[in-house]
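Have a look at upload15.csv; it's CSV, C-alpha atoms:
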chain,number,residue,atom,x,y,z
C,154,MET,CA,101.4,111.1,-46.7
C,155,ASP,CA,101.3,108.0,-44.6
C,156,SER,CA,99.0,108.1,-41.6
C,157,ILE,CA,100.8,108.6,-38.2
C,158,ASN,CA,99.7,107.0,-35.0
C,159,ILE,CA,101.7,108.2,-32.0
C,160,ASN,CA,100.5,107.4,-28.5
C,161,LEU,CA,100.1,110.2,-26.0
C,162,ASP,CA,103.0,110.0,-23.5
C,163,PHE,CA,101.8,111.1,-20.1
C,164,SER,CA,105.3,110.6,-18.6
C,165,THR,CA,107.1,113.4,-20.4
C,166,PRO,CA,105.2,116.6,-19.5
C,167,PRO,CA,107.2,119.8,-19.6
C,168,TYR,CA,104.9,122.7,-18.8
C,169,GLU,CA,104.4,122.2,-15.1
C,170,ALA,CA,108.2,122.4,-14.6
C,171,ILE,CA,108.2,125.8,-16.2
C,172,ALA,CA,105.3,126.9,-14.1
C,173,MET,CA,107.1,125.7,-11.0
C,174,LEU,CA,110.2,127.6,-11.9
C,175,GLN,CA,108.1,130.8,-12.5
C,176,SER,CA,106.6,130.5,-9.0
C,177,LYS,CA,108.5,132.6,-6.5
C,178,LYS,CA,107.2,130.5,-3.6
C,179,ALA,CA,108.3,127.2,-5.1
C,180,THR,CA,111.6,128.6,-6.2
C,181,SER,CA,112.5,129.8,-2.8
C,182,LEU,CA,111.7,126.4,-1.4
C,183,LEU,CA,114.1,124.8,-3.9
C,184,GLY,CA,116.8,127.3,-3.5
C,185,ILE,CA,117.3,127.6,-7.3
C,186,ASP,CA,119.5,130.5,-8.4
C,187,LYS,CA,118.2,132.5,-11.4
C,188,ASP,CA,120.7,131.2,-13.9
C,189,THR,CA,119.8,127.6,-13.2
C,190,LYS,CA,116.1,128.5,-13.3
C,191,MET,CA,116.4,130.1,-16.7
C,192,ALA,CA,118.3,127.2,-18.2
C,193,LEU,CA,115.8,124.8,-16.7
C,194,LYS,CA,112.9,126.6,-18.3
C,195,GLN,CA,114.6,126.5,-21.7
C,196,ASP,CA,115.3,122.8,-21.4
C,197,PHE,CA,111.7,122.0,-20.6
C,198,TYR,CA,110.3,124.3,-23.2
C,199,ASN,CA,112.4,122.5,-25.8
C,200,LYS,CA,110.9,119.3,-24.5
C,201,SER,CA,107.4,120.6,-24.8
C,202,PHE,CA,108.0,121.7,-28.4
C,203,VAL,CA,109.3,118.2,-29.4
C,204,VAL,CA,106.4,116.4,-27.7
C,205,SER,CA,103.9,118.7,-29.3
C,206,LYS,CA,105.4,118.2,-32.8
C,207,VAL,CA,105.5,114.4,-32.7
C,208,ALA,CA,102.1,113.7,-31.0
C,209,ASP,CA,98.5,114.8,-31.0
C,210,ILE,CA,98.6,116.6,-27.7
C,211,ASP,CA,95.2,118.3,-27.5
C,212,VAL,CA,94.3,116.1,-24.5
C,213,LEU,CA,97.9,116.0,-23.1
C,214,SER,CA,98.2,119.8,-23.3
C,215,THR,CA,95.1,120.2,-21.2
C,216,ILE,CA,96.4,117.7,-18.6
C,217,GLN,CA,99.7,119.5,-18.6
C,218,GLN,CA,98.1,122.9,-18.1
C,219,SER,CA,96.0,121.6,-15.3
C,220,LEU,CA,99.2,120.3,-13.6
C,221,VAL,CA,100.7,123.8,-14.1
C,222,LYS,CA,97.9,125.2,-12.0
C,223,ALA,CA,98.1,122.3,-9.5
C,224,LEU,CA,101.7,122.9,-8.9
C,225,ALA,CA,101.4,126.7,-8.7
C,226,LYS,CA,98.5,126.5,-6.3
C,227,GLY,CA,99.8,123.5,-4.2
C,228,GLN,CA,96.6,121.7,-5.2
C,229,SER,CA,96.1,118.2,-3.8
C,230,PHE,CA,95.6,115.1,-6.1
C,231,HIS,CA,91.9,114.8,-5.2
C,232,SER,CA,91.2,118.4,-6.0
C,233,TRP,CA,93.1,118.2,-9.3
C,234,LYS,CA,91.3,115.0,-10.3
C,235,LYS,CA,87.9,116.5,-9.5
C,236,GLU,CA,88.6,119.5,-11.8
C,237,LEU,CA,90.1,117.3,-14.6
C,238,LYS,CA,87.6,114.4,-14.6
C,239,PRO,CA,84.8,116.1,-16.6
C,240,PHE,CA,87.2,117.1,-19.3
C,241,LEU,CA,88.7,113.6,-19.6
C,242,GLU,CA,85.2,112.1,-19.8
C,243,LYS,CA,84.1,114.6,-22.5
C,244,SER,CA,87.3,113.9,-24.5
C,245,GLY,CA,86.9,110.1,-24.4
C,246,TYR,CA,89.6,109.6,-21.8
C,247,GLY,CA,87.3,108.8,-18.9
C,248,ASN,CA,88.7,105.3,-18.7
C,249,LEU,CA,91.8,106.6,-17.1
C,250,ASN,CA,91.3,105.1,-13.6
C,251,ASN,CA,92.2,106.6,-10.3
C,252,SER,CA,95.5,104.7,-10.1
C,253,ARG,CA,96.6,105.9,-13.5
C,254,LEU,CA,95.7,109.5,-12.7
C,255,LYS,CA,97.6,109.3,-9.4
C,256,LYS,CA,100.7,108.2,-11.3
C,257,ILE,CA,100.3,111.0,-13.9
C,258,TYR,CA,99.9,113.5,-11.1
C,259,ALA,CA,102.6,112.3,-8.8
C,260,THR,CA,105.2,111.7,-11.6
C,261,ASN,CA,104.7,115.1,-13.1
C,262,ILE,CA,104.8,117.1,-9.9
C,263,GLN,CA,107.6,115.0,-8.4
C,264,SER,CA,109.8,115.1,-11.5
C,265,ALA,CA,109.4,118.9,-11.8
C,266,TYR,CA,110.7,119.4,-8.3
C,267,ALA,CA,113.5,116.7,-8.7
C,268,GLN,CA,114.9,118.4,-11.8
C,269,GLY,CA,115.0,121.7,-10.1
C,270,ARG,CA,116.5,120.3,-6.9
C,271,LYS,CA,119.3,118.5,-8.7
C,272,LYS,CA,120.3,121.5,-10.8
C,273,ALA,CA,120.4,123.7,-7.6
C,274,GLN,CA,122.5,121.0,-5.8
C,275,MET,CA,124.9,120.7,-8.7
C,276,ALA,CA,125.3,124.5,-8.9
C,277,ARG,CA,126.5,124.8,-5.3
C,278,ASN,CA,130.1,126.0,-5.1
C,279,SER,CA,132.7,123.6,-3.8
C,280,PRO,CA,134.6,124.6,-0.7
C,281,LYS,CA,138.1,125.9,-1.2
C,282,GLU,CA,139.5,123.5,1.4
C,283,TYR,CA,138.0,120.3,2.6
C,284,PRO,CA,139.0,116.8,4.0
C,285,LYS,CA,139.8,114.5,1.1
C,286,ILE,CA,137.6,111.4,0.6
C,287,ASP,CA,140.3,109.0,1.7
C,288,SER,CA,140.5,110.7,5.1
C,289,LEU,CA,136.7,110.2,5.7
C,290,THR,CA,136.7,106.4,5.8
C,291,ASP,CA,139.0,103.7,7.2
C,292,ARG,CA,138.7,101.7,3.9
C,293,LYS,CA,140.5,102.2,0.6
C,294,VAL,CA,138.2,104.2,-1.7
C,295,ASP,CA,138.0,103.1,-5.4
C,296,ILE,CA,139.9,105.4,-7.7
C,297,ASP,CA,136.8,105.6,-9.9
C,298,ILE,CA,135.0,107.2,-6.9
C,299,ALA,CA,137.9,109.3,-5.5
C,300,LYS,CA,138.5,111.1,-8.8
C,301,TYR,CA,135.1,112.8,-8.6
C,302,ASP,CA,135.8,114.2,-5.1
C,303,ASP,CA,135.0,118.0,-4.8
C,304,GLY,CA,134.1,118.2,-1.2
C,305,ILE,CA,130.3,117.8,-1.7
C,306,TYR,CA,128.4,114.5,-1.6
C,307,PHE,CA,125.0,113.2,-2.4
C,308,ARG,CA,123.4,110.7,0.1
C,309,TYR,CA,120.6,108.5,-1.1
C,310,VAL,CA,117.8,108.4,1.5
C,311,THR,CA,114.6,106.3,1.5
C,312,MET,CA,111.6,106.7,3.8
C,313,GLN,CA,112.7,103.6,5.7
C,314,ASP,CA,109.2,102.3,6.2
C,315,SER,CA,107.3,99.2,5.0
C,316,ARG,CA,106.3,100.9,1.7
C,317,VAL,CA,109.9,101.2,0.5
C,318,ARG,CA,110.6,98.9,-2.4
C,319,ALA,CA,113.2,96.2,-1.6
C,320,LEU,CA,115.3,97.3,-4.5
C,321,HIS,CA,115.3,100.9,-3.5
C,322,ALA,CA,116.2,99.9,0.1
C,323,LYS,CA,119.5,98.6,-1.2
C,324,LEU,CA,120.3,102.2,-2.3
C,325,HIS,CA,119.7,103.7,1.1
C,326,ASN,CA,122.7,105.5,2.6
C,327,ILE,CA,124.9,105.3,-0.5
C,328,ILE,CA,127.1,108.3,-0.2
C,329,LEU,CA,129.1,109.3,-3.3
C,330,PRO,CA,130.6,112.5,-4.7
C,331,ARG,CA,127.8,114.5,-6.4
C,332,LYS,CA,129.6,114.4,-9.8
C,333,HIS,CA,129.9,110.6,-9.8
C,334,PRO,CA,128.1,109.0,-12.8
C,335,PHE,CA,126.0,106.9,-10.3
C,336,TRP,CA,123.8,110.0,-9.9
C,337,GLU,CA,123.1,110.3,-13.6
C,338,ARG,CA,121.3,107.0,-13.3
C,339,TYR,CA,120.0,106.7,-9.8
C,340,TYR,CA,119.0,110.3,-8.8
C,341,PRO,CA,115.4,109.8,-7.5
C,342,PRO,CA,112.5,109.5,-8.4
C,343,ASN,CA,113.4,106.0,-9.6
C,344,ASP,CA,109.9,104.7,-10.4
C,345,PHE,CA,106.3,105.7,-10.2
C,346,GLY,CA,105.5,106.8,-6.7
C,347,CYS,CA,109.1,106.8,-5.6
C,348,ARG,CA,109.5,108.7,-2.3
C,349,CYS,CA,113.3,108.6,-2.2
C,350,ARG,CA,115.4,111.7,-2.0
C,351,VAL,CA,119.0,112.9,-2.1
C,352,GLU,CA,120.6,114.8,0.8
C,353,VAL,CA,123.5,117.1,0.1
C,354,ILE,CA,126.4,116.8,2.6
C,355,SER,CA,129.8,118.5,2.6
C,356,ALA,CA,132.9,116.6,3.6
C,357,ASP,CA,133.0,118.5,6.9
C,358,GLU,CA,129.3,117.6,7.6
C,359,LEU,CA,130.1,113.9,7.0
C,360,LEU,CA,132.7,114.1,9.8
C,361,GLU,CA,130.3,115.9,12.1
C,362,LYS,CA,127.6,113.3,11.6
C,363,GLY,CA,129.9,110.3,11.7
C,364,LEU,CA,128.9,109.3,8.2
C,365,LYS,CA,131.4,107.6,5.8
C,366,PRO,CA,131.4,107.8,2.0
C,367,THR,CA,130.7,104.6,0.0
C,368,HIS,CA,134.2,103.1,-0.8
C,369,SER,CA,132.9,101.1,-3.8
C,370,VAL,CA,129.5,100.8,-5.5
C,371,PRO,CA,127.9,97.4,-4.7
C,372,LEU,CA,127.7,95.1,-7.8
C,373,GLU,CA,124.1,94.3,-7.2
C,374,VAL,CA,123.2,98.0,-7.5
C,375,ALA,CA,123.7,97.8,-11.3
C,376,LYS,CA,120.7,95.4,-11.5
C,377,ILE,CA,118.4,97.5,-9.4
C,378,ILE,CA,116.9,99.9,-12.0
C,379,PRO,CA,116.6,99.1,-15.7
C,380,LYS,CA,118.8,101.2,-18.0
C,381,ASP,CA,115.9,102.3,-20.1
C,382,PHE,CA,114.1,104.0,-17.1
C,383,THR,CA,112.9,107.6,-17.6
C,384,PRO,CA,115.8,109.8,-18.7
C,385,LYS,CA,117.2,112.2,-16.1
C,386,SER,CA,117.4,115.3,-18.3
C,387,PRO,CA,115.1,117.1,-20.8
C,388,GLN,CA,117.8,116.9,-23.5
C,389,GLU,CA,118.2,113.1,-23.1
C,390,ASP,CA,114.4,112.9,-23.3
C,391,ILE,CA,114.4,114.9,-26.6
C,392,ARG,CA,117.0,112.6,-28.1
C,393,ASN,CA,115.1,109.5,-27.1
C,394,ILE,CA,111.8,110.8,-28.3
C,395,ILE,CA,113.2,111.7,-31.7
C,396,GLU,CA,115.3,108.6,-32.1
C,397,SER,CA,112.5,106.3,-31.2
C,398,LYS,CA,110.2,107.9,-33.8
C,399,LEU,CA,113.0,107.8,-36.5
C,400,LYS,CA,113.3,104.0,-35.9
C,401,SER,CA,109.5,103.6,-36.0
C,402,TYR,CA,109.2,105.4,-39.4
C,403,VAL,CA,112.6,104.5,-40.9
C,404,ASP,CA,110.9,103.9,-44.3
C,405,ASN,CA,108.8,107.0,-44.3
C,406,ASP,CA,110.8,109.9,-45.9
C,407,THR,CA,108.1,112.4,-45.2
C,408,VAL,CA,108.0,111.7,-41.5
C,409,THR,CA,111.8,111.4,-41.1
C,410,ASN,CA,112.3,114.7,-42.8
C,411,ALA,CA,109.8,116.3,-40.5
C,412,LEU,CA,111.6,114.8,-37.5
C,413,HIS,CA,114.9,116.2,-38.7
C,414,LYS,CA,113.3,119.6,-39.0
C,415,ILE,CA,112.2,119.4,-35.4
C,416,ILE,CA,115.8,118.7,-34.4
C,417,GLN,CA,117.0,121.7,-36.4
C,418,GLU,CA,114.3,123.9,-34.7
C,419,VAL,CA,115.5,122.8,-31.2
C,420,GLU,CA,119.0,123.7,-32.2
C,421,THR,CA,117.8,127.1,-33.3
C,422,ARG,CA,116.0,127.7,-30.1
C,423,ASN,CA,119.0,126.6,-28.0
C,424,GLU,CA,121.3,128.9,-30.0
C,425,ARG,CA,119.0,131.8,-29.6
C,426,PHE,CA,118.7,131.2,-25.8
C,427,ARG,CA,122.5,131.0,-25.5
C,428,ARG,CA,122.9,134.4,-27.3
C,429,ILE,CA,120.3,136.1,-25.2
C,430,ASN,CA,121.6,134.6,-22.0
C,431,ALA,CA,125.1,135.9,-22.8
C,432,LEU,CA,123.7,139.4,-23.0
C,433,TRP,CA,121.9,138.8,-19.6
C,434,ASN,CA,125.0,137.6,-17.9
C,435,GLY,CA,127.5,139.8,-19.8
C,436,LYS,CA,129.1,143.1,-18.7
C,437,ASP,CA,129.5,144.6,-22.1
C,438,LEU,CA,126.4,146.8,-22.4
C,439,LYS,CA,127.2,147.6,-26.1
C,440,LYS,CA,126.5,144.1,-27.2
C,441,THR,CA,123.3,143.2,-29.2
C,442,THR,CA,121.8,140.2,-30.9
C,443,ASN,CA,118.9,139.3,-33.1
C,444,ILE,CA,115.9,137.5,-31.6
C,445,CYS,CA,114.1,136.4,-34.7
C,446,LYS,CA,113.0,137.4,-38.1
C,447,THR,CA,110.4,140.1,-38.3
C,448,PRO,CA,106.9,138.7,-39.0
C,449,GLN,CA,105.2,140.1,-42.1
C,450,LEU,CA,102.4,141.5,-39.9
C,451,LEU,CA,104.9,143.7,-38.0
C,452,LYS,CA,106.7,144.7,-41.2
C,453,ASP,CA,103.4,146.0,-42.5
C,454,ILE,CA,102.4,147.8,-39.3
C,455,PHE,CA,105.9,149.4,-38.8
C,456,ASN,CA,106.2,150.0,-42.5
C,457,THR,CA,109.7,148.7,-42.2
C,458,GLU,CA,112.4,146.8,-44.1
C,459,SER,CA,113.8,145.4,-40.9
C,460,GLU,CA,114.6,141.7,-41.3
C,461,TYR,CA,115.1,141.1,-37.6
C,462,ILE,CA,113.8,142.0,-34.1
C,463,SER,CA,116.9,143.0,-32.1
C,464,ILE,CA,117.7,143.3,-28.4
C,465,GLY,CA,120.6,145.0,-26.6
C,466,ALA,CA,122.4,144.2,-23.4
C,467,SER,CA,121.9,147.8,-22.1
C,468,MET,CA,118.1,147.4,-22.2
C,469,ILE,CA,118.2,144.1,-20.5
C,470,ALA,CA,120.5,145.4,-17.7
C,471,ALA,CA,118.3,148.5,-17.2
C,472,HIS,CA,115.2,146.4,-16.8
C,473,LYS,CA,116.5,143.7,-14.4
C,474,LYS,CA,115.5,145.5,-11.2
C,475,ARG,CA,112.4,147.1,-12.7
C,476,HIS,CA,111.0,143.8,-13.9
C,477,PRO,CA,112.3,141.0,-11.8
C,478,GLU,CA,109.7,138.6,-13.1
C,479,ILE,CA,111.5,138.6,-16.5
C,480,ASP,CA,114.6,136.6,-17.3
C,481,SER,CA,116.6,135.5,-20.3
C,482,PHE,CA,114.2,132.7,-21.0
C,483,ASP,CA,111.3,135.2,-21.3
C,484,TYR,CA,113.3,137.3,-23.8
C,485,SER,CA,114.1,134.2,-25.9
C,486,LEU,CA,110.3,133.4,-25.8
C,487,ILE,CA,109.6,136.6,-27.8
C,488,ALA,CA,110.1,134.7,-31.0
C,489,ASP,CA,107.2,132.4,-30.1
C,490,MET,CA,105.1,135.3,-28.8
C,491,LEU,CA,105.2,136.9,-32.2
C,492,THR,CA,103.7,133.8,-33.9
C,493,ASP,CA,100.5,134.2,-32.0
C,494,ILE,CA,99.8,137.9,-31.2
C,495,TYR,CA,96.7,138.8,-29.2
C,496,GLY,CA,96.8,142.5,-29.8
C,497,ILE,CA,99.0,145.4,-31.0
C,498,TYR,CA,98.7,149.0,-29.7
C,499,GLN,CA,100.2,152.3,-30.7
C,500,ASP,CA,101.6,155.1,-28.6
C,501,GLU,CA,100.7,158.1,-30.8
C,502,ASN,CA,103.3,160.3,-29.1
C,503,THR,CA,106.1,157.9,-30.0
C,504,GLN,CA,106.9,155.2,-32.5
C,505,ILE,CA,106.6,152.5,-29.9
C,506,LYS,CA,104.2,149.6,-30.5
C,507,TYR,CA,102.9,147.4,-27.7
C,508,ILE,CA,102.5,143.7,-28.5
C,509,VAL,CA,100.3,141.6,-26.2
C,510,ALA,CA,100.6,137.8,-26.2
C,511,SER,CA,100.1,134.8,-24.0
C,512,ARG,CA,102.6,131.9,-23.6
C,513,LEU,CA,102.8,129.1,-21.0
C,514,GLY,CA,99.9,130.4,-18.9
C,515,ARG,CA,101.4,133.9,-18.6
C,516,TRP,CA,100.6,137.2,-20.4
C,517,TYR,CA,103.3,139.4,-21.8
C,518,ARG,CA,103.4,143.0,-23.0
C,519,LEU,CA,106.3,143.6,-25.4
C,520,SER,CA,107.3,147.1,-26.4
C,521,LEU,CA,109.0,147.5,-29.8
C,522,LYS,CA,110.4,150.6,-31.5
C,523,SER,CA,111.4,151.1,-35.1
C,524,LEU,CA,114.3,153.4,-35.8
C,525,SER,CA,113.8,156.5,-38.0
C,526,ASP,CA,115.4,154.9,-41.0
C,527,LYS,CA,112.8,152.1,-40.7
C,528,LYS,CA,115.5,149.5,-41.1
C,529,GLU,CA,115.7,148.2,-37.5
C,530,ILE,CA,113.2,147.2,-34.8
C,531,TRP,CA,114.4,147.0,-31.2
C,532,VAL,CA,112.9,145.6,-28.0
C,533,GLU,CA,112.2,148.5,-25.6
C,534,SER,CA,110.8,146.5,-22.7
C,535,LEU,CA,109.1,143.2,-21.7
C,536,VAL,CA,106.7,142.7,-18.7
C,537,SER,CA,104.5,139.8,-17.7
C,538,ALA,CA,101.7,138.8,-15.4
C,539,ASP,CA,99.8,135.7,-14.4
C,540,ASP,CA,96.5,135.1,-16.0
C,541,LYS,CA,94.6,136.5,-13.0
C,542,ASP,CA,96.6,139.7,-13.1
C,543,LYS,CA,96.6,140.3,-16.8
C,544,ASP,CA,94.3,143.3,-16.5
C,545,ILE,CA,97.4,145.2,-15.1
C,546,LEU,CA,99.0,144.8,-18.5
C,547,PHE,CA,96.0,146.1,-20.4
C,548,LYS,CA,95.3,148.9,-18.0
C,549,ASN,CA,98.3,150.9,-19.3
C,550,LEU,CA,97.0,150.4,-22.9
C,551,LYS,CA,93.7,152.1,-22.4
C,552,ASN,CA,94.8,155.3,-24.0
C,553,LYS,CA,96.7,153.6,-26.8
C,554,LYS,CA,95.4,153.3,-30.4
C,555,VAL,CA,94.3,149.7,-31.3
C,556,ILE,CA,96.1,148.6,-34.4
C,557,TYR,CA,95.4,144.9,-34.4
C,558,GLU,CA,93.3,142.5,-32.2
C,559,LYS,CA,93.3,138.8,-33.0
C,560,HIS,CA,89.7,138.1,-32.0
C,561,LYS,CA,88.4,140.9,-34.2
C,562,THR,CA,90.4,139.7,-37.1
C,563,GLN,CA,89.1,136.1,-36.6
C,564,GLN,CA,85.5,137.4,-36.3
C,565,GLY,CA,86.0,139.4,-39.5
C,566,SER,CA,87.3,136.3,-41.4
C,567,GLN,CA,84.2,134.3,-40.4
C,568,VAL,CA,81.7,136.8,-41.7
Go ahead and express the file in the form of structure tokens.
Amino acid sequence: MDSININLDFSTPPYEAIAMLQSKKATSLLGIDKDTKMALKQDFYNKSFVVSKVADIDVLSTIQQSLVKALAKGQSFHSWKKELKPFLEKSGYGNLNNSRLKKIYATNIQSAYAQGRKKAQMARNSPKEYPKIDSLTDRKVDIDIAKYDDGIYFRYVTMQDSRVRALHAKLHNIILPRKHPFWERYYPPNDFGCRCRVEVISADELLEKGLKPTHSVPLEVAKIIPKDFTPKSPQEDIRNIIESKLKSYVDNDTVTNALHKIIQEVETRNERFRRINALWNGKDLKKTTNICKTPQLLKDIFNTESEYISIGASMIAAHKKRHPEIDSFDYSLIADMLTDIYGIYQDENTQIKYIVASRLGRWYRLSLKSLSDKKEIWVESLVSADDKDKDILFKNLKNKKVIYEKHKTQQGSQV
């Protein structure tokens, strides 16, 4: 197999966005509804999968995880850098200077918030009645702008100080319908350290504030930001990452086959999330779906012929209020949890097995039950906790029989 050299890409980190979306405090600040939050986590998890498969991310992963903690704790750049520096030096990355680290920190944190903010803004319902765009200005509005009018606008806002880039200053106060393609390209941040933001304004609020929508997009705007600037969505990132690698290794069949398998896996993950999300949002409590194939370890432990782990809408509905920390993304994550199980415990009074696993900086306890005919395995419950609270998950397992523990298995294999 040909050797593969792929540079670490510090500008496409996904994990901290997931951490941000799992943080109740950050979520309340962003005003993200739960459906948007679940979809965002799925998007960024796909991105993390692709990046990890096409690059050596040992170092990148540690940086990402440190950013997860920085975002969750509201940690300052200087505090984050102080904790990270020893690791970088030990790993041979001590030559990342202060300026570069600042860019990594700011870009990751800012991009995570921007992604969530835009999704929340786009999810806002349009008013039933509102002043049409032509009535908000005394100039004729281009038809290519007017056709996107839904009563809600985005306004581009800079900090209006001496640090604002001259190019970004030209974007200040552009007001266009939120669905206009302009925002697919110009929604901030629009460069490293960009402090610009978007303000959401309804048609009625424009009238109240005396603001007027932009009647035509200035021609010079098209030259402000290069077309190849950082993609605005995780899915676009994924396509670009894969396509760039396919071009780089066009004559390497082994690598191109591996990249196509990555695409197939992402499609499988998306399809699984869609099915589980349909159960989450659906009203038919009789509906069920398969999460993944049953790992051989669980087949042996359950002594079952079950080919799949299944989940039902009735279970999901029953647990929504009892376990508000869990959403459809967490249920779709079960497939990955089962690839790296920390421990399995048995309730001797029932046929329920408790699976403990850690993913994305969180700990999960998954309850599975095999039916009496031993041909089906069903999810009974799923709970989670942050790393600092993981003892809560283990507390309820004290009286359970230990069937499997990863660290003991590993120790045994080393003897």
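Among the candidates C:Asp489, C:Asp480, C:Glu352, C:Asp544, the residue lying nearest to C:Trp433 is C:Asp480 (atoms considered: all atoms listed in the file).
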Length of the atom CA of C:Asn423 to atom CA of C:Asp493 vector [Å]: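 So the answer is 20.4 Å.
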Pick from C:Lys243, C:Lys323, C:Lys522, C:Arg348, whichever lies nearest to C:Ser459 using only C-alpha atoms: C:Lys522
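In this comparison, which uses only C-alpha atoms, the residue of C:Ala510, C:Leu237, C:Ala273, C:Ala223 approaching C:Leu546 most closely is C:Ala510.
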Using all atoms listed in the file: which of C:Val317, C:Ile479, C:Leu324, C:Leu329 has the shortest distance to C:Asp297: C:Leu329
Straight-line distance linking atom CA of C:Lys234 with atom CA of C:Ala267, stated in Å to one decimal: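 If I compute the distance from atom CA of C:Lys234 to atom CA of C:Ala267, I get 22.3 Å.
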Shortest interatomic distance to C:Asn549 - which of C:Val509, C:Leu438, C:Leu521, C:Leu254, counting only C-alpha atoms: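 The answer is C:Val509, which sits nearest to C:Asn549.
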Distance in Å - atom CA of C:Lys362 versus atom CA of C:Ile327: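 Distance reported for this atom pair: 14.8 Å.
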Please produce stretch 316-335 of chain C, completed to N, CA and C atoms, as a short mmCIF file (atom, residue, chain, number, x, y, z; two decimals), in the frame of the given file.
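Output (rebuild_21.cif):
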data_model
loop_
_atom_site.label_atom_id
_atom_site.label_comp_id
_atom_site.auth_asym_id
_atom_site.auth_seq_id
_atom_site.Cartn_x
_atom_site.Cartn_y
_atom_site.Cartn_z
N ARG C 316 106.69 100.64 3.11
CA ARG C 316 106.30 100.90 1.70
C ARG C 316 107.49 101.01 0.78
N VAL C 317 108.70 101.10 1.33
CA VAL C 317 109.90 101.20 0.50
C VAL C 317 110.13 99.96 -0.30
N ARG C 318 110.32 100.08 -1.59
CA ARG C 318 110.60 98.90 -2.40
C ARG C 318 111.94 98.28 -1.96
N ALA C 319 111.98 96.96 -2.00
CA ALA C 319 113.20 96.20 -1.60
C ALA C 319 114.39 96.65 -2.39
N LEU C 320 114.16 96.87 -3.67
CA LEU C 320 115.30 97.30 -4.50
C LEU C 320 115.80 98.65 -4.18
N HIS C 321 114.89 99.57 -3.85
CA HIS C 321 115.30 100.90 -3.50
C HIS C 321 115.99 100.93 -2.12
N ALA C 322 115.57 100.01 -1.24
CA ALA C 322 116.20 99.90 0.10
C ALA C 322 117.66 99.66 0.02
N LYS C 323 118.08 98.94 -1.03
CA LYS C 323 119.50 98.60 -1.20
C LYS C 323 120.33 99.89 -1.51
N LEU C 324 119.65 100.93 -1.97
CA LEU C 324 120.30 102.20 -2.30
C LEU C 324 120.47 103.10 -1.09
N HIS C 325 119.71 102.82 -0.04
CA HIS C 325 119.70 103.70 1.10
C HIS C 325 121.11 103.88 1.70
N ASN C 326 121.45 105.13 1.97
CA ASN C 326 122.70 105.50 2.60
C ASN C 326 123.94 105.37 1.72
N ILE C 327 123.74 105.20 0.42
CA ILE C 327 124.90 105.30 -0.50
C ILE C 327 125.33 106.73 -0.54
N ILE C 328 126.58 106.97 -0.26
CA ILE C 328 127.10 108.30 -0.20
C ILE C 328 128.29 108.42 -1.20
N LEU C 329 128.11 109.21 -2.24
CA LEU C 329 129.10 109.30 -3.30
C LEU C 329 129.29 110.80 -3.67
N PRO C 330 130.45 111.17 -4.21
CA PRO C 330 130.60 112.50 -4.70
C PRO C 330 129.49 112.88 -5.69
N ARG C 331 129.01 114.09 -5.62
CA ARG C 331 127.80 114.50 -6.40
C ARG C 331 128.04 114.37 -7.92
N LYS C 332 129.32 114.45 -8.36
CA LYS C 332 129.60 114.40 -9.80
C LYS C 332 129.82 112.97 -10.29
N HIS C 333 129.71 112.00 -9.41
CA HIS C 333 129.90 110.60 -9.80
C HIS C 333 128.79 110.18 -10.76
N PRO C 334 129.11 109.42 -11.83
CA PRO C 334 128.10 109.00 -12.80
C PRO C 334 126.93 108.21 -12.21
N PHE C 335 127.12 107.67 -11.02
CA PHE C 335 126.00 106.90 -10.30
C PHE C 335 124.78 107.78 -10.29
#
